[in-house]
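One structure below.
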2 protein chains.
Amino acid sequence: MEKSNTNERLHRLRAYMNRMGIDVCIIPSTDPHQSEYPASQWGLRAYLSGFTGSAGTLAVSNSEAHLWTDSRYFLQAETQLSGSSIQLQRMGNHGVPDLLDWLKSQKPSVVGLDGRLFNYDYVQKLETLLPGCRFLLQAPAYETLWPERPKAPSASIQAFPLEHNGRSSLDKLTDLRLALHHLGAQDQIIASLDEIAWLLNLRGRDIRYNPVFESYVWLNETDCILFVQTEKLDATAQQSLREAGVKTAPYNSFYDFLKTIRSKGLLTDFNTLNASVIALLKENCTLINQASPIALMKACKNPVELNGFRNAMRAEGIALTRWLHWLEQKSLGSNEYECSKQLETFRTLCPDYIEESFSSIVGFKANGAIVHYEATAEQAEPIHGEGALLVDVGGHYKYGTTDCTRSIYLHGKPSSDYKRDYTDLLKGLIALSTARFPQGTRGSQLDVLARQFLWQRQENYLHGTGHGVGHCLNVHEGPQSIRMNENPTPLRCGMVVSNEPGLYRTGQYGIRLENLLCVQEYGSFLQFETLTLCPFETTCIDTKQLHAHEIQWINHYHQHVYHTLSEALDEEVRSWLYKKTKPIQQQ
Amino acid sequence: MEKSNTNERLHRLRAYMNRMGIDVCIIPSTDPHQSEYPASQWGLRAYLSGFTGSAGTLAVSNSEAHLWTDSRYFLQAETQLSGSSIQLQRMGNHGVPDLLDWLKSQKPSVVGLDGRLFNYDYVQKLETLLPGCRFLLQAPAYETLWPERPKAPSASIQAFPLEHNGRSSLDKLTDLRLALHHLGAQDQIIASLDEIAWLLNLRGRDIRYNPVFESYVWLNETDCILFVQTEKLDATAQQSLREAGVKTAPYNSFYDFLKTIRSKGLLTDFNTLNASVIALLKENCTLINQASPIALMKACKNPVELNGFRNAMRAEGIALTRWLHWLEQKSLGSNEYECSKQLETFRTLCPDYIEESFSSIVGFKANGAIVHYEATAEQAEPIHGEGALLVDVGGHYKYGTTDCTRSIYLHGKPSSDYKRDYTDLLKGLIALSTARFPQGTRGSQLDVLARQFLWQRQENYLHGTGHGVGHCLNVHEGPQSIRMNENPTPLRCGMVVSNEPGLYRTGQYGIRLENLLCVQEYGSFLQFETLTLCPFETTCIDTKQLHAHEIQWINHYHQHVYHTLSEALDEEVRSWLYKKTKPIQQQ
């Protein structure tokens with residue numbers, strides 16, 4: 001996109017702000033469902049700013065424009081904002097004011113924000129921060145600001161069958177109603193798209209990579225209504241909803257429906273429900289502000305889901321092995337984008353493969369240091385000569401979802417610095433993978449295990465070590481996480497989390513290693529089972545840095561990878577994998 | 001104490017409750033200053049229940065009596081409550097209701113609690129929990145309930161000199177006033193006794209082991225008043241207060257003074273100020289409920305204080321070495337209590353020694369598994385035959401405070417189980433001691449480093465790994481900690497914390513190893529300096545469990561201990577220490 005576009009679009013926004021008497025406008029990256037990855041019609045922030053990363057908030061006053069984003073996107077945002085009048089605010093960096101501080105300093109009289117795009121907690125925080133300020137919560141004039149705005153998605157919605165979900169929607173509704181009863185709630189409003197898809201055992205395609213569909217749900221002890229563009233429901237979905245006793249209503253009738261609710265105990269999570277929803281409910285209902293019980297129910301996978309994960313890992317592992325072999329042997333002369341397409345070719349050999357679970361990251365040399373880098377057909381670094389390659393890729397299969405990061409060194413030998421970094425990251429990954437911990441342990445308590453070896457050298461990564469992974473749903477899900485920040489949710493049996501320490505040398509290379517783990521019992525304690533099946537790069541390991549138990553872990557893991565995948569591989573790739581997974585020795 | 005006493009005392013309490021129309025009475029372990037260790041006049045809970053541990057809350061209804069305490073005191077409370085009608089509630093154990101749950105289940109109309117003995121946060125929580133319930137916050141009739149109640153302490157208060165405190169009270173007051181200004185506060189009420197002692201560079205003897213004195217402080221931008229029994233101030237204290245521009249007023253005039261304050265911004269920490277204080281202030285003042293800035297200022301030791309700590313460690317290390325030698329060579333036939341007295345004998349050889357910083361724990365065999373065990377002259381296990389001994393001891397010196405735990409095996413050879421436990425604890429201690437971490441890291445993030453090896457075997461300890469340590473003040477202080485529980489305070493340069501993993505085999509033995517550490521810079525990161533100087537028991541180490549860097553750490557530490565202490569020791573003890581600190585080899 002040309003920068004002149006950005007400036008013209010900001011000009012249009014400011015003209016709108018002047019018309020409305022708005023001093024500061026805040027434009028987030030989400031949708032009315034607080035989705036991390038919204039449908040394209042909710043991409044106003046990207047449209048106005050030119051910054052396409054998944055996380056970032058634009059704030060515009062009459063004279064200033066700022067974009068706040070996190071460390072994953074610093075380099076990308078620098079590139080995409082350069083030449084525009086928008087100032088990049090690198091969140092978490094020393095001396096960078098947060099949006100609220102900046103907003104306060106502007107002393108605005110009127111702040112404009114689309115109330116559908118902010119959770120109620122956030123709006124309350126703003127109101128406390130700026131007493132006396134007026135908040136205009138109405139939707140901005142999209143037709144003026146964004147004439148080319150895409151339409152609402154219309155992709156069909158299918159049933160997600162029992163053989164893969166492991167628990168019928170009827171049973172899930174029963175569980176949920178029991179949970180509501182325990183919370184003293186009579187009914188609940190659900191807006192999180194992945195919670196709805198999980199609860200009703202339906203899958204859509206409204207949002208790329210995330211098999212969800214735009215919808216809301218209201219339910220009480222006896223009734224459940226799904227608000228959705230009903231024409232999107234295919235026959236399997238309709239049948240499934242009938243069996244679960246779920247009625248449907250048009251998506252657009254939801255806000256009118258809210259006005260009719262008279263509840264003495266309505267479960268509404270102020271952290272996921274948007275401010276416009278809460279504003280309508282506050283009038284006539286007693287609200288119970290509690291996290292939706294679905295988040296935790298969904299996060300703790302049942303045995304069928306876990307088995308699906310394992311099968312997906314095997315299918316993905318076969319594709320990844322073929323791809324890594326191809327990258328090593330045949331990538332010279334291609335480019336990052338073509339490399340990612342090649343993975344798709346290998347994946348589609350499996351009939352159960354559906355689509356990517358997120359946009360593939362294939363970053364060569366310095367691009368590997370851009371944490372959420374995305375090469376495009378138009379702009380991609382050629383694989384020219386030797387260098388480090390970081391690949392972070394994942395797929396949805398009929399029965400499970402994958403997310404795996406590997407770092408390899410192509411067409412040459414890695415430097416000792418690279419090997420040192422690679423080895424410390426691998427040591428961190430192993431330390432977390434082999435942790436055992438009592439019930440009640442939170443991810444923030446374990447996070448240091450993955451970082452400790454980097455910290456010894458004053459190195460760190462500013463992203464989380466682990467996120468929850470949805471089952472044939474969003475590749476990022478809560479409520480658990482493994483991060484430096486506190487998150488009060490304990491890890492529980494059946495949860496799937498990523499384990500992905502990384503290190504980024506700006507201008508040189510990035511290394512990240514990622515396996516998915518699931519939490520399982522170990523006596524009265526808990527431990528992790530490693531789900532991902534993909535070899536590490538033993539030529540990048542400095543074995544002198546490893547302890548015997550780490551060597552043993554690597555060899556055992558590689559043996560497991562080889563034995564699980566080799567049968568499905570042709571002779572050439574199999575013997576390549578055999579060499580790749582050969583036991584390493586302590587030096 | 002005979003159990004019949006307990007029952008008679010509870011009977012008197014219930015008679016009082018009936019007179020007052022109280023359904024449930026709650027009696028905590030603290031004083032009006034929220035002290036962990038209060039003066040004996042505040043020991044009503046111990047008097048009524050017979051349980052003498054430092055932490056525990058008694059709740060009594062007409063038909064039930066319960067005592068809640070934490071894992072440190074389970075065994076002690078079992079013994080002391082046995083035969084009484086009081087039911088022990090083991091906090092943190094599965095299925096144990098917390099006090100608030102129990103209280104709610106009683107559906108009381110009137111709850112009686114001495115408003116001076118509960119922080120305001122807690123009382124607010126009770127009010128929310130029990131809407132419609134009346135809370136009688138007045139002091140109970142001590143004269144009826146506890147005729148033998150001790151008088152208020154009258155020990156003298158001295159100045160704590162600049163050569164040891166490193167920063168004059170005038171300068172500390174200036175720092176504090178600046179901090180108040182930044183918080184938008186005009187004045188502050190301080191009730192924490194250690195905060196007052198630190199701020200005014202005074203030390204008292206009102207509370208055993210804790211060199212504080214009963215007092216309150218009010219200060220604003222220009223004035224500062226110390227409410228104290230003024231006759232307790234000796235000449236040095238009076239002189240010091242004059243130099244700092246601090247006025248004095250009688251301790252008993254404090255509550256009347258509160259009624260006269262008219263502040264538009266009074267800093268009052270609802271978590272440390274008691275409910276009676278807040279009740280008086282709420283009428284006429286705008287309260288700013290924030291943590292006192294003093295806690296953090298006090299926790300980050302200045303170079304003079306740190307140097308004092310190091311000197312205290314050396315003095316204590318000499319006493320400990322002589323004692324460990326004595327325990328090994330001469331303790332047979334004595335008992336736990338006599339052993340602890342023997343340490344006092346060695347300590348008093350140093351003219352700078354003042355007193356114990358807490359009640360010595362000397363636990364032989366099964367008594368070592370009682371986390372806060374205290375042998376007495378009347379009841380102490382004889383050191384008879386072989387067995388594990390756990391010693392957790394600390395002292396106040398003129399210039400610093402110590403706290404050290406060692407576990408040794410007397411008059412025989414430890415079992416392989418004991419050695420395995422000992423070694424895993426030592427590995428945990430080393431892992432935490434050698435951690436490096438970025439600015440902003442909280443203790444809860446590092447806690448796992450000390451526990452990880454126990455967790456591998458489904459073992460754990462339920463107390464914290466580390467507490468802050470006051471400088472010639474309370475041996476337990478905040479705001480930082482290293483625990484499984486989240487505590488938002490990051491570790492900062494100059495903080496002193498303990499590192500004390502433990503493992504308790506009920507009926508067999510307890511092992512705990514504890515060093516004090518101070519936080520120091522490591523480039524842009526932080527790391528720990530080990531302060532404590534006392535050998536570990538190499539004969540209890542299973543070197544096969546150790547990695548090379550752990551062996552190296554032990555040998556380096558022992559070398560440092562020997563070189564720092566040996567000069568001051570006589571020939572016999574020196575050559576004993578030489579043997580004790582001889583390098584160990586990997587097997």
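Ordered as shown in the structure tokens, chains take letters A, B, and onward, while each chain numbers its residues from 1 and ligands are numbered from 1 in the order shown.
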Chain A contacts on chain B, only C-alpha atoms, 7 Å, as a list in words: Arg436, Phe437, Ser444, Gln445, Leu446, Val448, Trp455, Gln456, Gln458 and Phe525 of chain B
With N, CA, C and O atoms retained, could you export that selection as a tab-separated table (two decimals), in the first residue's frame?
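That gives us selection_3.tsv:
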```
chain	number	residue	atom	x	y	z
B	436	ARG	N	19.64	-15.88	37.09
B	436	ARG	CA	19.73	-14.49	36.63
B	436	ARG	C	18.40	-14.18	35.97
B	436	ARG	O	17.76	-15.07	35.40
B	437	PHE	N	17.98	-12.95	36.05
B	437	PHE	CA	16.62	-12.65	35.60
B	437	PHE	C	16.49	-11.17	35.27
B	437	PHE	O	17.20	-10.34	35.84
B	444	SER	N	7.49	-15.17	42.37
B	444	SER	CA	6.67	-16.33	41.99
B	444	SER	C	7.15	-16.95	40.69
B	444	SER	O	6.88	-18.12	40.44
B	445	GLN	N	7.86	-16.16	39.88
B	445	GLN	CA	8.40	-16.72	38.64
B	445	GLN	C	9.62	-17.60	38.90
B	445	GLN	O	9.92	-18.49	38.12
B	446	LEU	N	10.35	-17.30	39.95
B	446	LEU	CA	11.60	-18.01	40.23
B	446	LEU	C	11.42	-19.20	41.18
B	446	LEU	O	12.29	-20.06	41.28
B	448	VAL	N	9.85	-21.92	41.23
B	448	VAL	CA	9.93	-23.29	40.71
B	448	VAL	C	11.38	-23.79	40.64
B	448	VAL	O	11.63	-25.00	40.73
B	455	TRP	N	9.60	-31.72	42.70
B	455	TRP	CA	8.40	-31.94	41.90
B	455	TRP	C	8.57	-33.14	40.97
B	455	TRP	O	7.59	-33.83	40.67
B	456	GLN	N	9.79	-33.38	40.51
B	456	GLN	CA	10.00	-34.54	39.65
B	456	GLN	C	9.60	-35.82	40.37
B	456	GLN	O	9.23	-36.80	39.74
B	458	GLN	N	7.17	-35.92	42.75
B	458	GLN	CA	5.88	-35.69	43.40
B	458	GLN	C	6.03	-35.28	44.85
B	458	GLN	O	5.18	-35.59	45.69
B	525	PHE	N	20.51	-7.16	33.77
B	525	PHE	CA	19.71	-8.15	34.50
B	525	PHE	C	20.01	-8.07	36.00
B	525	PHE	O	20.76	-7.23	36.45
```
Polymer residues at most 6 Å from Ile541 in chain B, only C-alpha atoms, same-chain spacing of 2 or more positions, as a PyMOL selection string: chain B and resi 419+423+538-539+543
Next, dump the selected residues to file, keeping only N, CA, C and O atoms, as a PDB file, in the first residue's frame.
```
ATOM      1  N   LYS B 419      19.720 -38.940  51.874  1.00  0.00           N
ATOM      2  CA  LYS B 419      20.690 -38.282  50.991  1.00  0.00           C
ATOM      3  C   LYS B 419      20.022 -37.809  49.701  1.00  0.00           C
ATOM      4  O   LYS B 419      20.323 -36.722  49.189  1.00  0.00           O
ATOM      5  N   THR B 423      19.966 -33.962  48.720  1.00  0.00           N
ATOM      6  CA  THR B 423      20.608 -33.533  47.483  1.00  0.00           C
ATOM      7  C   THR B 423      19.639 -32.777  46.579  1.00  0.00           C
ATOM      8  O   THR B 423      19.992 -31.753  45.983  1.00  0.00           O
ATOM      9  N   THR B 538      28.459 -32.263  53.434  1.00  0.00           N
ATOM     10  CA  THR B 538      28.793 -32.985  52.201  1.00  0.00           C
ATOM     11  C   THR B 538      28.561 -34.495  52.338  1.00  0.00           C
ATOM     12  O   THR B 538      28.318 -35.161  51.342  1.00  0.00           O
ATOM     13  N   THR B 539      28.584 -34.998  53.564  1.00  0.00           N
ATOM     14  CA  THR B 539      28.337 -36.440  53.710  1.00  0.00           C
ATOM     15  C   THR B 539      26.869 -36.787  53.463  1.00  0.00           C
ATOM     16  O   THR B 539      26.518 -37.955  53.332  1.00  0.00           O
ATOM     17  N   THR B 543      26.487 -37.332  45.366  1.00  0.00           N
ATOM     18  CA  THR B 543      27.114 -36.582  44.263  1.00  0.00           C
ATOM     19  C   THR B 543      26.695 -37.110  42.891  1.00  0.00           C
ATOM     20  O   THR B 543      26.784 -36.386  41.911  1.00  0.00           O
TER      21      THR B 543
END
```
Find the residues around Arg116 in chain A up to 9 Å (only C-alpha atoms counted), leave out those fewer than 4 positions away in its own chain, and share them as an NGL selection string. :A and (31-34 or 137-139 or 273-277)
Output of the above residues as a PDB file, in the first residue's frame, restricted to N, CA, C and O atoms:
```pdb
ATOM      1  N   ASP A  31     -13.138  -7.530  16.709  1.00  0.00           N
ATOM      2  CA  ASP A  31     -14.504  -7.482  16.181  1.00  0.00           C
ATOM      3  C   ASP A  31     -15.486  -7.471  17.361  1.00  0.00           C
ATOM      4  O   ASP A  31     -15.053  -7.443  18.516  1.00  0.00           O
ATOM      5  N   PRO A  32     -16.787  -7.502  17.113  1.00  0.00           N
ATOM      6  CA  PRO A  32     -17.740  -7.457  18.234  1.00  0.00           C
ATOM      7  C   PRO A  32     -17.665  -8.671  19.153  1.00  0.00           C
ATOM      8  O   PRO A  32     -18.309  -8.697  20.193  1.00  0.00           O
ATOM      9  N   HIS A  33     -16.907  -9.690  18.738  1.00  0.00           N
ATOM     10  CA  HIS A  33     -16.787 -10.913  19.534  1.00  0.00           C
ATOM     11  C   HIS A  33     -15.440 -10.996  20.239  1.00  0.00           C
ATOM     12  O   HIS A  33     -15.087 -12.029  20.768  1.00  0.00           O
ATOM     13  N   GLN A  34     -14.692  -9.895  20.201  1.00  0.00           N
ATOM     14  CA  GLN A  34     -13.364  -9.851  20.799  1.00  0.00           C
ATOM     15  C   GLN A  34     -12.454 -10.925  20.214  1.00  0.00           C
ATOM     16  O   GLN A  34     -11.601 -11.488  20.921  1.00  0.00           O
ATOM     17  N   LEU A 137     -19.925   5.891  21.902  1.00  0.00           N
ATOM     18  CA  LEU A 137     -19.711   4.458  21.668  1.00  0.00           C
ATOM     19  C   LEU A 137     -20.318   3.964  20.356  1.00  0.00           C
ATOM     20  O   LEU A 137     -20.330   2.778  20.086  1.00  0.00           O
ATOM     21  N   GLN A 138     -20.832   4.876  19.562  1.00  0.00           N
ATOM     22  CA  GLN A 138     -21.504   4.400  18.347  1.00  0.00           C
ATOM     23  C   GLN A 138     -20.510   3.988  17.262  1.00  0.00           C
ATOM     24  O   GLN A 138     -19.347   4.407  17.262  1.00  0.00           O
ATOM     25  N   ALA A 139     -20.977   3.149  16.363  1.00  0.00           N
ATOM     26  CA  ALA A 139     -20.133   2.705  15.253  1.00  0.00           C
ATOM     27  C   ALA A 139     -19.769   3.911  14.383  1.00  0.00           C
ATOM     28  O   ALA A 139     -20.604   4.780  14.156  1.00  0.00           O
ATOM     29  N   LEU A 273     -17.442  -9.726  26.747  1.00  0.00           N
ATOM     30  CA  LEU A 273     -18.625  -9.119  26.117  1.00  0.00           C
ATOM     31  C   LEU A 273     -18.347  -7.652  25.840  1.00  0.00           C
ATOM     32  O   LEU A 273     -17.746  -6.950  26.660  1.00  0.00           O
ATOM     33  N   ASN A 274     -18.814  -7.183  24.692  1.00  0.00           N
ATOM     34  CA  ASN A 274     -18.488  -5.803  24.328  1.00  0.00           C
ATOM     35  C   ASN A 274     -19.399  -4.810  25.041  1.00  0.00           C
ATOM     36  O   ASN A 274     -20.450  -5.159  25.578  1.00  0.00           O
ATOM     37  N   ALA A 275     -18.946  -3.577  25.041  1.00  0.00           N
ATOM     38  CA  ALA A 275     -19.603  -2.531  25.823  1.00  0.00           C
ATOM     39  C   ALA A 275     -21.019  -2.268  25.339  1.00  0.00           C
ATOM     40  O   ALA A 275     -21.900  -1.932  26.145  1.00  0.00           O
ATOM     41  N   SER A 276     -21.278  -2.417  24.036  1.00  0.00           N
ATOM     42  CA  SER A 276     -22.625  -2.165  23.527  1.00  0.00           C
ATOM     43  C   SER A 276     -23.608  -3.220  24.043  1.00  0.00           C
ATOM     44  O   SER A 276     -24.754  -2.906  24.367  1.00  0.00           O
ATOM     45  N   VAL A 277     -23.157  -4.459  24.116  1.00  0.00           N
ATOM     46  CA  VAL A 277     -23.996  -5.531  24.662  1.00  0.00           C
ATOM     47  C   VAL A 277     -24.337  -5.236  26.119  1.00  0.00           C
ATOM     48  O   VAL A 277     -25.504  -5.271  26.535  1.00  0.00           O
TER      49      VAL A 277
END
```
In range 122-297 of chain A, DSSP alpha helix (DSSP H) residues written as a ChimeraX atom specification: /A:122-129,142-145,162-165,169-182,193-200,235-244,254-260,275-282,293-297
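Near range 205-218 of chain A, within 7 Å and counting only C-alpha atoms, sit Pro38, Ala39, Pro153, Ser154, Ala155, Ser156, Gln188, Ile189, Ile190, Ala191, Leu193, Asp194, Ile196, Ala197, Cys224, Ile225, Leu226, Phe227, Val228, Tyr251, Glu355, Glu356, Ser357, Phe358, Leu473 and Asn474 of chain A, not including residues fewer than 4 positions from it in the same chain.
Of the residues under consideration (B:Glu305, B:Glu336, B:Asp424, B:Glu64), B:Glu305 shows the shortest atom-to-atom contact distance to Cys518 in chain B when counting only C-alpha atoms.
By only C-alpha atoms, and with residues fewer than 5 positions from Ala65 in chain B along its chain excluded, the set lying at most 7 Å from it is B:Ala59, B:Val60, B:Ser85, B:Ile86, B:Gln87.
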Would you mind exporting N, CA, C and O atoms of the selected residues as a short mmCIF file (atom, residue, chain, number, x, y, z; two decimals), in the first residue's frame?
```cif
data_model
loop_
_atom_site.label_atom_id
_atom_site.label_comp_id
_atom_site.auth_asym_id
_atom_site.auth_seq_id
_atom_site.Cartn_x
_atom_site.Cartn_y
_atom_site.Cartn_z
N ALA B 59 -11.93 -19.17 65.67
CA ALA B 59 -13.31 -18.71 65.49
C ALA B 59 -14.20 -19.56 66.38
O ALA B 59 -14.11 -20.79 66.37
N VAL B 60 -15.02 -18.89 67.15
CA VAL B 60 -15.83 -19.58 68.15
C VAL B 60 -17.30 -19.19 67.99
O VAL B 60 -17.61 -18.00 67.91
N SER B 85 -11.80 -28.89 72.79
CA SER B 85 -12.98 -28.98 71.91
C SER B 85 -12.75 -28.20 70.61
O SER B 85 -13.67 -28.04 69.83
N ILE B 86 -11.53 -27.71 70.42
CA ILE B 86 -11.25 -26.89 69.22
C ILE B 86 -10.84 -27.80 68.07
O ILE B 86 -9.95 -28.64 68.21
N GLN B 87 -11.50 -27.58 66.93
CA GLN B 87 -11.18 -28.40 65.76
C GLN B 87 -10.12 -27.70 64.92
O GLN B 87 -10.22 -26.50 64.63
#
```
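We find CA of Glu195 in chain B and CA of Ser292 in chain B to be spaced 8.9 Å apart.
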So which residues touch range 169-185 of chain B within 10 Å, counting only C-alpha atoms, skipping near sequence neighbours fewer than 4 positions away, as a PyMOL selection string? chain B and resi 160+162+165+197-202+219-224+240-246+263-268+286-288+290+292-294+297-298
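The space between CA of Asn7 in chain A and CA of Lys107 in chain A spans 24.1 Å.
Here the DSSP assignment of strand (DSSP E or B), based on backbone atoms, applies within range 99-228 of chain A to A:Val110, A:Val111, A:Gly112, A:Asn119, A:Arg134, A:Phe135, A:Leu136, A:Ile157, A:Gln158, A:Ala159, A:Asp187, A:Gln188, A:Ile189, A:Ile190, A:Leu202, A:Arg203, A:Ile207, A:Asn210, A:Ser215, A:Tyr216, A:Val217, A:Trp218, A:Leu219, A:Asn220, A:Cys224, A:Ile225, A:Leu226, A:Phe227, A:Val228.
CA of Thr69 in chain A sits 7.7 Å away from CA of Leu88 in chain A.
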Taking 6 positions as the minimum chain separation for residues in the same chain, which residues sit within 12 Å of Tyr373 in chain B when counting only C-alpha atoms? Answer as a VMD selection string. chain B and resid 52 to 54 71 to 77 79 336 to 337 358 to 367 379 to 381 389 to 393 510
